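See structure below.
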Amino acid sequence: SLAVTGVFEFPKALGVGSAVPLGTLTYWDAGGQVATKNAAAGANKLIGKCIKTTVDADTVVRVRMSQ
């Protein structure tokens with residue numbers, strides 16, 4: 001089955017400036033196969049909002065998915 005709502009952990013983009021603050025819209029970067037806060041001018045697809053602040057070194061981000 002496929003879930004489209006709820007809270008899920010996604011692999012997070014890494015590097016300086018990749019931290020995702022609580023409540024930030026989060027996008028899926030299909031090329032990098034990671035969640036990011038960067039919409040990339042519409043190239044990355046919205047997946048939801050971050051529900052727990054991350055730091056640059058974190059490897060996952062918790063996202064409440066939206067439809």
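The chains in the structure tokens are called A, B, ... from first to last as shown; in each chain the residues are counted from 1, and the ligands are counted from 1 in the order shown.
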- Test item: residues at most 6 Å from segment 16-27 of chain A, only C-alpha atoms, excluding those fewer than 6 positions along its chain, as a PyMOL selection string: chain A and resi 35-37+44-56
Would you export the selected residues with N, CA, C and O atoms as a compact mmCIF listing (two decimals), in the first residue's frame, please?
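Okay, result32.txt is ready:
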```txt
# COMPACT_ATOMS: atom_id res chain seq x y z
N ALA A 35 15.38 14.82 0.67
CA ALA A 35 14.47 15.91 0.99
C ALA A 35 15.32 17.16 1.22
O ALA A 35 16.43 17.10 1.73
N THR A 36 14.78 18.30 0.83
CA THR A 36 15.49 19.57 0.93
C THR A 36 14.49 20.70 1.17
O THR A 36 13.30 20.55 0.90
N LYS A 37 14.99 21.83 1.64
CA LYS A 37 14.14 23.01 1.80
C LYS A 37 14.15 23.87 0.54
O LYS A 37 13.46 24.87 0.45
N ASN A 44 11.85 20.78 -7.76
CA ASN A 44 11.64 19.82 -6.67
C ASN A 44 10.18 19.86 -6.25
O ASN A 44 9.58 20.93 -6.19
N LYS A 45 9.61 18.71 -5.95
CA LYS A 45 8.19 18.61 -5.64
C LYS A 45 7.95 18.70 -4.13
O LYS A 45 8.63 18.08 -3.33
N LEU A 46 6.93 19.49 -3.75
CA LEU A 46 6.56 19.67 -2.35
C LEU A 46 6.10 18.34 -1.75
O LEU A 46 5.28 17.64 -2.34
N ILE A 47 6.68 17.98 -0.58
CA ILE A 47 6.22 16.77 0.10
C ILE A 47 5.52 17.08 1.41
O ILE A 47 4.73 16.29 1.89
N GLY A 48 5.78 18.24 2.02
CA GLY A 48 5.12 18.59 3.27
C GLY A 48 5.92 19.59 4.07
O GLY A 48 6.71 20.35 3.53
N LYS A 49 5.69 19.56 5.43
CA LYS A 49 6.38 20.47 6.33
C LYS A 49 7.23 19.70 7.32
O LYS A 49 6.82 18.66 7.83
N CYS A 50 8.39 20.27 7.62
CA CYS A 50 9.29 19.69 8.62
C CYS A 50 8.64 19.80 10.00
O CYS A 50 8.14 20.86 10.36
N ILE A 51 8.64 18.71 10.77
CA ILE A 51 8.02 18.75 12.09
C ILE A 51 9.04 18.71 13.23
O ILE A 51 8.67 18.76 14.40
N LYS A 52 10.33 18.62 12.90
CA LYS A 52 11.39 18.65 13.90
C LYS A 52 12.61 19.29 13.27
O LYS A 52 13.11 18.82 12.24
N THR A 53 13.09 20.36 13.90
CA THR A 53 14.26 21.07 13.37
C THR A 53 15.44 20.13 13.20
O THR A 53 15.70 19.29 14.05
N THR A 54 16.15 20.28 12.08
CA THR A 54 17.37 19.50 11.83
C THR A 54 18.56 20.45 11.81
O THR A 54 18.40 21.67 11.66
N VAL A 55 19.74 19.88 11.92
CA VAL A 55 21.00 20.63 11.75
C VAL A 55 21.68 20.10 10.50
O VAL A 55 21.29 19.06 9.95
N ASP A 56 22.70 20.80 10.05
CA ASP A 56 23.40 20.41 8.82
C ASP A 56 23.85 18.95 8.83
O ASP A 56 23.79 18.27 7.81
```
- Task: Check the smallest atom-to-atom distance from each of A:Val7, A:Trp28, A:Ala57, A:Leu2 to Ala43 of chain A using only C-alpha atoms, then report the winner.
- Result: A:Trp28
Go through chain A and collect every residue that DSSP, computed from the backbone, puts in strand (DSSP E or B); the answer should be as a short mmCIF file (atom, residue, chain, number, x, y, z; two decimals) with N, CA, C and O atoms, in the first residue's frame.
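Output file part-v3.cif is given in full below:
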```cif
data_model
loop_
_atom_site.label_atom_id
_atom_site.label_comp_id
_atom_site.auth_asym_id
_atom_site.auth_seq_id
_atom_site.Cartn_x
_atom_site.Cartn_y
_atom_site.Cartn_z
N GLY A 6 0.54 11.63 6.83
CA GLY A 6 1.23 11.17 8.02
C GLY A 6 2.61 11.76 8.12
O GLY A 6 3.00 12.62 7.33
N VAL A 7 3.38 11.30 9.12
CA VAL A 7 4.73 11.78 9.35
C VAL A 7 5.71 10.68 8.97
O VAL A 7 5.57 9.54 9.39
N PHE A 8 6.70 11.04 8.16
CA PHE A 8 7.67 10.08 7.67
C PHE A 8 9.07 10.68 7.75
O PHE A 8 9.23 11.89 7.69
N GLU A 9 10.07 9.81 7.86
CA GLU A 9 11.46 10.24 7.80
C GLU A 9 11.96 10.08 6.37
O GLU A 9 11.75 9.03 5.75
N PHE A 10 12.60 11.12 5.88
CA PHE A 10 13.19 11.11 4.55
C PHE A 10 14.68 11.36 4.67
O PHE A 10 15.11 12.10 5.56
N PRO A 11 15.50 10.78 3.78
CA PRO A 11 16.91 11.15 3.78
C PRO A 11 17.01 12.64 3.46
O PRO A 11 16.23 13.15 2.64
N LYS A 12 17.92 13.33 4.15
CA LYS A 12 18.03 14.78 4.04
C LYS A 12 19.28 15.17 3.26
O LYS A 12 20.31 14.52 3.37
N LEU A 25 8.60 24.35 4.62
CA LEU A 25 8.14 23.51 3.51
C LEU A 25 9.33 22.68 3.04
O LEU A 25 10.45 23.19 2.91
N THR A 26 9.07 21.41 2.77
CA THR A 26 10.13 20.47 2.41
C THR A 26 9.81 19.86 1.06
O THR A 26 8.66 19.52 0.78
N TYR A 27 10.83 19.71 0.24
CA TYR A 27 10.67 19.27 -1.15
C TYR A 27 11.49 18.01 -1.41
O TYR A 27 12.49 17.77 -0.74
N TRP A 28 11.08 17.24 -2.42
CA TRP A 28 11.82 16.04 -2.82
C TRP A 28 12.68 16.37 -4.02
O TRP A 28 12.19 16.80 -5.08
N ASP A 29 13.99 16.18 -3.87
CA ASP A 29 14.95 16.35 -4.95
C ASP A 29 15.15 14.97 -5.58
O ASP A 29 15.88 14.14 -5.05
N VAL A 34 16.89 13.01 -2.09
CA VAL A 34 16.87 13.54 -0.74
C VAL A 34 15.78 14.59 -0.59
O VAL A 34 15.34 15.19 -1.57
N ALA A 35 15.38 14.82 0.67
CA ALA A 35 14.47 15.91 0.99
C ALA A 35 15.32 17.16 1.22
O ALA A 35 16.43 17.10 1.73
N THR A 36 14.78 18.30 0.83
CA THR A 36 15.49 19.57 0.93
C THR A 36 14.49 20.70 1.17
O THR A 36 13.30 20.55 0.90
N LYS A 45 9.61 18.71 -5.95
CA LYS A 45 8.19 18.61 -5.64
C LYS A 45 7.95 18.70 -4.13
O LYS A 45 8.63 18.08 -3.33
N LEU A 46 6.93 19.49 -3.75
CA LEU A 46 6.56 19.67 -2.35
C LEU A 46 6.10 18.34 -1.75
O LEU A 46 5.28 17.64 -2.34
N ILE A 47 6.68 17.98 -0.58
CA ILE A 47 6.22 16.77 0.10
C ILE A 47 5.52 17.08 1.41
O ILE A 47 4.73 16.29 1.89
N GLY A 48 5.78 18.24 2.02
CA GLY A 48 5.12 18.59 3.27
C GLY A 48 5.92 19.59 4.07
O GLY A 48 6.71 20.35 3.53
N LYS A 49 5.69 19.56 5.43
CA LYS A 49 6.38 20.47 6.33
C LYS A 49 7.23 19.70 7.32
O LYS A 49 6.82 18.66 7.83
N CYS A 50 8.39 20.27 7.62
CA CYS A 50 9.29 19.69 8.62
C CYS A 50 8.64 19.80 10.00
O CYS A 50 8.14 20.86 10.36
N VAL A 60 18.52 12.63 8.29
CA VAL A 60 17.09 12.46 7.99
C VAL A 60 16.32 13.69 8.47
O VAL A 60 16.77 14.42 9.35
N VAL A 61 15.17 13.88 7.86
CA VAL A 61 14.25 14.95 8.26
C VAL A 61 12.87 14.32 8.40
O VAL A 61 12.46 13.50 7.59
N ARG A 62 12.16 14.71 9.47
CA ARG A 62 10.79 14.22 9.69
C ARG A 62 9.82 15.22 9.06
O ARG A 62 9.85 16.40 9.38
N VAL A 63 8.98 14.69 8.17
CA VAL A 63 8.08 15.53 7.39
C VAL A 63 6.64 15.04 7.53
O VAL A 63 6.38 13.84 7.40
N ARG A 64 5.73 15.99 7.81
CA ARG A 64 4.30 15.67 7.76
C ARG A 64 3.90 15.90 6.31
O ARG A 64 3.92 17.03 5.80
N MET A 65 3.57 14.80 5.63
CA MET A 65 3.23 14.87 4.22
C MET A 65 1.91 15.60 4.03
O MET A 65 1.02 15.54 4.86
#
```
